[in-house]
$ cat query01.cif   # mmCIF, C-alpha atoms and all ligand atoms
data_upload
loop_
_atom_site.label_atom_id
_atom_site.label_comp_id
_atom_site.auth_asym_id
_atom_site.auth_seq_id
_atom_site.Cartn_x
_atom_site.Cartn_y
_atom_site.Cartn_z
CA MET B 126 0.00 0.00 0.00
CA GLU B 127 2.79 2.38 0.87
CA HIS B 128 4.35 1.92 -2.54
CA LEU B 129 1.06 2.65 -4.28
CA SER B 130 0.47 5.86 -2.36
CA ALA B 131 4.03 7.18 -2.75
CA ALA B 132 3.74 8.00 -6.46
CA PRO B 133 0.85 10.52 -6.31
CA ILE B 134 2.51 12.26 -3.34
CA ALA B 135 5.74 12.57 -5.29
CA ALA B 136 3.86 13.95 -8.28
CA LEU B 137 2.07 16.48 -6.09
CA ALA B 138 5.32 17.55 -4.45
CA PHE B 139 6.83 18.07 -7.90
CA LEU B 140 3.90 20.18 -9.04
CA LEU B 141 4.05 22.30 -5.90
CA SER B 142 7.76 22.89 -6.24
CA ALA B 143 7.46 23.60 -9.96
CA CYS B 144 5.03 26.43 -9.12
CA GLY B 145 7.41 27.95 -6.53
CA ASN B 146 9.26 31.07 -7.56
CA SER B 147 12.36 32.08 -5.66
CA THR B 148 13.50 28.87 -3.91
CA PRO B 149 17.03 27.82 -4.84
CA GLU B 150 17.30 25.03 -7.39
CA LYS B 151 18.76 22.52 -4.98
CA THR B 152 15.99 22.97 -2.42
CA GLU B 153 13.42 22.65 -5.15
CA THR B 154 14.96 19.40 -6.36
CA GLU B 155 15.15 17.95 -2.87
CA ALA B 156 11.64 19.04 -1.98
CA ALA B 157 10.39 17.16 -5.02
CA LEU B 158 11.79 13.90 -3.71
CA PRO B 159 9.39 11.56 -1.95
CA ILE B 160 9.85 11.27 1.79
CA ALA B 161 11.64 8.04 2.63
CA HIS B 162 9.86 5.33 4.57
CA VAL B 163 11.44 2.10 5.72
CA ASP B 164 9.23 -0.96 5.96
CA PRO B 165 10.25 -2.52 9.29
CA ALA B 166 9.10 -5.92 8.00
CA THR B 167 11.92 -6.04 5.43
CA ALA B 168 14.58 -3.77 6.95
CA GLY B 169 17.91 -5.32 7.80
CA SER B 170 21.34 -4.39 9.08
CA ILE B 171 24.88 -3.97 7.82
CA SER B 172 27.63 -4.45 10.35
CA GLY B 173 31.31 -5.15 10.60
CA ARG B 174 34.64 -4.00 11.91
CA VAL B 175 37.39 -1.71 10.73
CA LEU B 176 40.65 -3.58 11.18
CA PHE B 177 44.13 -2.10 11.46
CA GLN B 178 47.04 -4.17 10.17
CA GLY B 179 50.63 -3.53 11.15
CA ASP B 180 52.16 -1.50 13.94
CA ALA B 181 50.12 1.35 15.30
CA PRO B 182 51.90 4.67 14.72
CA VAL B 183 52.94 6.53 17.85
CA MET B 184 50.94 9.72 18.21
CA PRO B 185 52.71 12.89 19.37
CA VAL B 186 51.85 14.45 22.71
CA ILE B 187 49.96 17.71 22.19
CA ASP B 188 51.93 20.74 23.38
CA MET B 189 49.42 22.94 25.21
CA SER B 190 52.08 25.02 26.98
CA SER B 191 51.07 28.13 25.04
CA ASN B 192 47.83 28.07 27.01
CA PRO B 193 48.34 27.05 30.68
CA GLN B 194 44.58 27.07 31.29
CA CYS B 195 44.21 24.31 28.72
CA GLU B 196 47.23 22.44 30.08
CA ARG B 197 45.92 22.57 33.66
CA GLU B 198 42.76 20.71 32.65
CA HIS B 199 44.75 17.53 32.03
CA HIS B 200 46.47 15.26 34.52
CA THR B 201 48.11 13.14 31.85
CA PRO B 202 49.73 14.14 28.55
CA GLN B 203 47.18 14.37 25.73
CA LYS B 204 48.05 12.57 22.54
CA ALA B 205 46.84 13.52 19.09
CA GLU B 206 43.86 11.42 17.97
CA THR B 207 44.83 11.27 14.30
CA VAL B 208 45.28 7.49 14.48
CA VAL B 209 43.77 5.59 17.40
CA VAL B 210 44.26 1.82 17.21
CA ASN B 211 42.19 -0.12 19.71
CA ARG B 212 43.49 -2.98 21.88
CA ASN B 213 41.69 -5.47 19.64
CA GLY B 214 43.57 -4.30 16.53
CA THR B 215 40.77 -2.18 15.12
CA LEU B 216 40.75 1.47 14.09
CA ARG B 217 38.73 4.09 15.94
CA ASN B 218 37.12 7.26 14.52
CA VAL B 219 36.26 5.82 11.13
CA PHE B 220 33.06 7.13 9.56
CA VAL B 221 31.12 4.34 7.81
CA TRP B 222 28.07 5.10 5.67
CA ILE B 223 26.00 4.02 2.70
CA LYS B 224 27.58 6.06 -0.04
CA ASP B 225 25.40 4.88 -2.88
CA GLY B 226 22.41 2.65 -3.69
CA LEU B 227 19.52 4.16 -1.77
CA PRO B 228 16.58 5.33 -3.90
CA PRO B 229 16.30 9.10 -4.47
CA GLU B 230 14.27 9.96 -1.39
CA ARG B 231 14.33 12.62 1.28
CA TRP B 232 15.20 11.44 4.78
CA THR B 233 13.89 13.26 7.83
CA PRO B 234 16.64 14.23 10.29
CA PRO B 235 16.27 13.14 13.92
CA ALA B 236 14.67 15.64 16.30
CA GLU B 237 17.49 15.40 18.83
CA SER B 238 20.61 17.45 18.17
CA ALA B 239 24.09 16.07 17.74
CA LYS B 240 26.67 17.44 20.16
CA LEU B 241 30.23 18.65 19.82
CA ASP B 242 31.95 19.57 23.07
CA GLN B 243 35.12 21.48 23.76
CA VAL B 244 36.62 20.07 26.91
CA GLY B 245 40.24 20.44 28.01
CA CYS B 246 40.80 22.30 24.73
CA VAL B 247 40.05 19.12 22.80
CA TYR B 248 37.03 18.49 20.62
CA SER B 249 34.80 15.63 21.68
CA PRO B 250 33.93 13.53 19.79
CA HIS B 251 36.90 13.54 17.45
CA MET B 252 34.81 12.21 14.56
CA LEU B 253 31.19 13.28 14.45
CA GLY B 254 28.50 11.84 12.19
CA ILE B 255 25.43 14.00 11.73
CA MET B 256 22.48 14.05 9.36
CA GLN B 257 21.80 16.76 6.85
CA GLY B 258 19.37 19.22 8.46
CA GLN B 259 19.98 17.87 11.97
CA LYS B 260 20.83 20.44 14.64
CA LEU B 261 24.39 20.50 15.97
CA GLU B 262 24.86 21.83 19.49
CA ILE B 263 28.39 23.09 20.18
CA LEU B 264 29.38 23.45 23.82
CA ASN B 265 32.33 25.10 25.51
CA ASP B 266 33.12 23.43 28.83
CA ASP B 267 36.45 25.22 29.17
CA PRO B 268 37.40 28.41 31.03
CA VAL B 269 38.94 29.77 27.83
CA ASN B 270 37.71 31.34 24.64
CA HIS B 271 37.49 29.04 21.63
CA ASN B 272 37.00 29.91 17.99
CA VAL B 273 35.06 27.26 16.14
CA HIS B 274 35.90 27.01 12.47
CA ALA B 275 33.83 24.74 10.20
CA GLU B 276 36.12 24.21 7.21
CA SER B 277 33.35 22.88 5.01
CA GLN B 278 33.46 23.20 1.23
CA ILE B 279 29.96 22.19 0.12
CA ASN B 280 28.17 23.75 3.09
CA PRO B 281 28.97 27.42 3.79
CA ALA B 282 32.10 27.64 5.97
CA TRP B 283 32.00 29.72 9.14
CA ASN B 284 34.36 30.79 11.88
CA GLU B 285 32.92 32.03 15.18
CA SER B 286 34.21 32.61 18.68
CA GLU B 287 32.64 30.83 21.62
CA PRO B 288 33.52 32.34 25.00
CA PRO B 289 33.36 30.32 28.24
CA ARG B 290 29.86 29.87 29.64
CA ALA B 291 28.39 31.21 26.42
CA GLU B 292 25.08 30.01 25.10
CA HIS B 293 25.50 26.77 23.23
CA LYS B 294 26.03 27.39 19.57
CA ILE B 295 23.33 25.79 17.39
CA LYS B 296 24.24 25.03 13.80
CA GLU B 297 23.06 22.81 11.00
CA PHE B 298 24.38 21.69 7.65
CA ASP B 299 21.91 21.57 4.81
CA SER B 300 23.96 19.57 2.32
CA ALA B 301 25.60 16.17 2.54
CA GLU B 302 29.37 16.48 2.96
CA VAL B 303 31.62 13.59 3.99
CA LEU B 304 33.70 14.99 5.57
CA PHE B 305 35.37 18.24 6.66
CA PRO B 306 37.57 19.48 9.52
CA MET B 307 36.34 21.49 12.47
CA THR B 308 39.24 23.47 13.88
CA CYS B 309 39.88 26.20 16.44
CA SER B 310 41.60 29.40 15.40
CA VAL B 311 42.90 29.97 18.95
CA HIS B 312 44.35 26.51 19.62
CA PRO B 313 46.04 25.04 16.55
CA TRP B 314 46.04 21.48 17.93
CA MET B 315 42.24 21.40 18.17
CA ARG B 316 40.88 19.46 15.23
CA SER B 317 37.88 17.22 14.77
CA TYR B 318 35.94 16.03 11.74
CA VAL B 319 32.28 16.31 10.82
CA ALA B 320 30.58 14.01 8.33
CA VAL B 321 27.15 15.15 7.12
CA SER B 322 25.06 12.27 5.77
CA PRO B 323 21.92 12.69 3.64
CA HIS B 324 20.34 9.68 5.40
CA PRO B 325 20.49 7.97 8.79
CA PHE B 326 22.63 4.98 7.73
CA PHE B 327 26.02 5.88 9.16
CA ALA B 328 28.18 5.09 12.18
CA VAL B 329 31.53 6.02 13.69
CA THR B 330 33.80 3.30 15.04
CA GLY B 331 34.53 3.48 18.76
CA ASP B 332 36.76 1.57 21.13
CA ASP B 333 35.87 -1.84 19.67
CA GLY B 334 36.20 -0.78 16.03
CA SER B 335 32.76 -2.06 15.07
CA PHE B 336 29.92 -0.41 13.22
CA THR B 337 26.25 -1.26 12.71
CA LEU B 338 23.85 0.38 10.29
CA LYS B 339 20.32 -0.53 11.39
CA GLY B 340 16.91 -0.35 9.76
CA VAL B 341 18.34 -0.48 6.23
CA PRO B 342 15.91 -1.29 3.41
CA PRO B 343 16.90 -4.26 1.20
CA GLY B 344 19.06 -3.30 -1.75
CA THR B 345 22.50 -3.27 -3.30
CA TYR B 346 24.74 -0.67 -1.74
CA THR B 347 28.18 0.83 -1.83
CA VAL B 348 29.35 1.18 1.76
CA GLU B 349 32.25 3.53 2.36
CA ALA B 350 34.67 3.89 5.27
CA VAL B 351 36.44 7.22 5.70
CA HIS B 352 39.44 7.85 7.96
CA GLU B 353 41.05 11.27 8.32
CA LYS B 354 44.58 9.98 7.61
CA TYR B 355 44.16 6.72 5.73
CA GLY B 356 41.37 7.92 3.47
CA ARG B 357 38.47 6.17 1.79
CA LYS B 358 37.67 2.55 1.08
CA ASP B 359 34.43 1.19 -0.26
CA ALA B 360 32.78 -2.13 -0.93
CA LYS B 361 29.58 -3.23 -2.61
CA LEU B 362 27.10 -5.59 -1.00
CA THR B 363 23.53 -6.77 -1.35
CA LEU B 364 21.25 -6.72 1.65
CA ALA B 365 18.42 -9.26 1.39
CA PRO B 366 14.99 -8.46 2.88
CA SER B 367 15.32 -8.65 6.69
CA GLY B 368 18.95 -9.63 6.11
CA SER B 369 22.11 -9.11 8.15
CA ALA B 370 25.03 -8.31 5.90
CA THR B 371 28.54 -8.19 7.29
CA LEU B 372 31.51 -6.32 5.93
CA ASP B 373 34.99 -5.64 7.31
CA PHE B 374 37.36 -2.91 6.21
CA ALA B 375 41.11 -3.06 6.68
CA TYR B 376 43.57 -0.21 6.92
CA GLY B 377 47.27 -0.44 7.64
CA SER B 378 50.34 1.64 8.24
CU CU B 401 40.15 26.43 21.13
#

$ encode --input "query01.cif" --output "structure tokens"
Amino acid sequence: MEHLSAAPIAALAFLLSACGNSTPEKTETEAALPIAHVDPATAGSISGRVLFQGDAPVMPVIDMSSNPQCEREHHTPQKAETVVVNRNGTLRNVFVWIKDGLPPERWTPPAESAKLDQVGCVYSPHMLGIMQGQKLEILNDDPVNHNVHAESQINPAWNESEPPRAEHKIKEFDSAEVLFPMTCSVHPWMRSYVAVSPHPFFAVTGDDGSFTLKGVPPGTYTVEAVHEKYGRKDAKLTLAPSGSATLDFAYGS
């Protein structure tokens, strides 16, 4: 039934957008897309691990001596998070998403905002996955002034200060962009990454190196892994109705 009703709605949306006058072309195109619905009866999952082969590179200790207030917030030396290899030989902070294969549909972003914190003059999380149109709440838990710089190329870039105890900054990114750096113009060591997905099928590997994409409609997909230093890898797979597909990626030094 859902499939039967989707076509007239799409046609109506197209007619409405075709009659619009001053909306930008991109918005018009996206508005014409049918809203995506996943049938829970046939949805499945794609999961796996991101392995790291070889010796883990030694990360340098971050020199925060130029800002004693930042330095005082840490009891142990802070290492750069460029490459974090877990105890089980997997790689952390890898963004994994469905790069291609979903039908041209418009996905509704979640109501809850994603969060990016600045704590001890370090961004947390280091790799952030967010959906297009989802709100991003940026916090400053430090006693110092930060300057948040979204170095995006598809979305408009911005660079704004965020004093201590300031109101949380609320941002959103209207276009898919995987991925771009978020830096701080005050503290050159501060660097995180933001990946903006057009749909909800993405994950970031944590301390066990695994990922799971849930509620995925059956189909043939290109799944891509993106790491800030080691780059992109992709693989094609077919997810059967109600299936559980598995896929591992491997990086190495
Ligand atoms: Cu800063």

$ residues_near_ligand --input "query01.cif" --ligand "ligand CU 401 (chain B)" --cutoff "12 Å" --atoms "all atoms listed in the file" --output "ChimeraX atom specification"
/B:189,191-192,194-195,242-248,264-274,284-289,307-317

$ residues_around --input "query01.cif" --residues "Ser378 of chain B" --least-positions-apart "6" --cutoff "7 Å" --atoms "all atoms listed in the file" --output "PyMOL selection string"
chain B and resi 178-180

$ closest_residue --input "query01.cif" --among "B:Ile255, B:Pro235, B:Pro165, B:Thr215" --to "Gly377 of chain B" --atoms "all atoms listed in the file"
B:Thr215

$ residues_around --input "query01.cif" --residues "Leu176 of chain B" --least-positions-apart "2" --cutoff "7 Å" --atoms "only C-alpha atoms" --output "list in words"
Arg174, Gln178, Gly214, Thr215, Leu216, Phe374, Ala375 and Tyr376 of chain B

$ atom_distance --input "query01.cif" --atom1 "atom CA of Ile160 of chain B" --atom2 "atom CA of Arg231 of chain B"
4.7 Å

$ closest_atom_pairs --input "query01.cif" --of "segment 202-281 of chain B" --to "segment 358-365 of chain B" --cutoff "10 Å" --atoms "only C-alpha atoms" --output "tab-separated table"
residue	atom	partner	partner_atom	distance
B:Val221	CA	B:Asp359	CA	9.3
B:Trp222	CA	B:Asp359	CA	9.5
B:Ile223	CA	B:Asp359	CA	9.4
B:Lys224	CA	B:Asp359	CA	8.4
B:Asp225	CA	B:Lys361	CA	9.1
B:Gly226	CA	B:Lys361	CA	9.3

$ atom_distance --input "query01.cif" --atom1 "atom CA of Gly254 of chain B" --atom2 "atom CA of Thr371 of chain B"
20.6 Å

$ atom_distance --input "query01.cif" --atom1 "atom CA of Ala291 of chain B" --atom2 "atom CA of Pro250 of chain B"
19.7 Å

$ closest_residue --input "query01.cif" --among "B:Thr347, B:Gln259, B:Thr337, B:Thr233" --to "Ser369 of chain B" --atoms "only C-alpha atoms"
B:Thr337

$ closest_residue --input "query01.cif" --among "B:Lys260, B:His352, B:Arg357, B:Arg217" --to "Phe336 of chain B" --atoms "only C-alpha atoms"
B:Arg217

$ residues_around --input "query01.cif" --residues "Asn218 of chain B" --least-positions-apart "3" --cutoff "6 Å" --atoms "only C-alpha atoms" --output "CSV table (one decimal) with C-alpha atoms, in the frame of the given file"
chain,number,residue,atom,x,y,z
B,252,MET,CA,34.8,12.2,14.6
B,329,VAL,CA,31.5,6.0,13.7
B,330,THR,CA,33.8,3.3,15.0

$ closest_residue --input "query01.cif" --among "B:Pro182, B:Pro343, B:Gly169, B:Gly368" --to "Thr207 of chain B" --atoms "all atoms listed in the file"
B:Pro182

$ closest_residue --input "query01.cif" --among "B:Val208, B:Ala236, B:Leu338, B:Ile279" --to "Ser170 of chain B" --atoms "all atoms listed in the file"
B:Leu338

$ closest_residue --input "query01.cif" --among "B:Ser249, B:Ser335, B:Ser238, B:Asn213" --to "Glu297 of chain B" --atoms "only C-alpha atoms"
B:Ser238

$ residues_near_point --input "query01.cif" --point "(12.2, 11.6, 3.6)" --cutoff "10 Å" --atoms "all atoms listed in the file" --output "ChimeraX atom specification"
/B:155-156,158-163,229-234,323-324
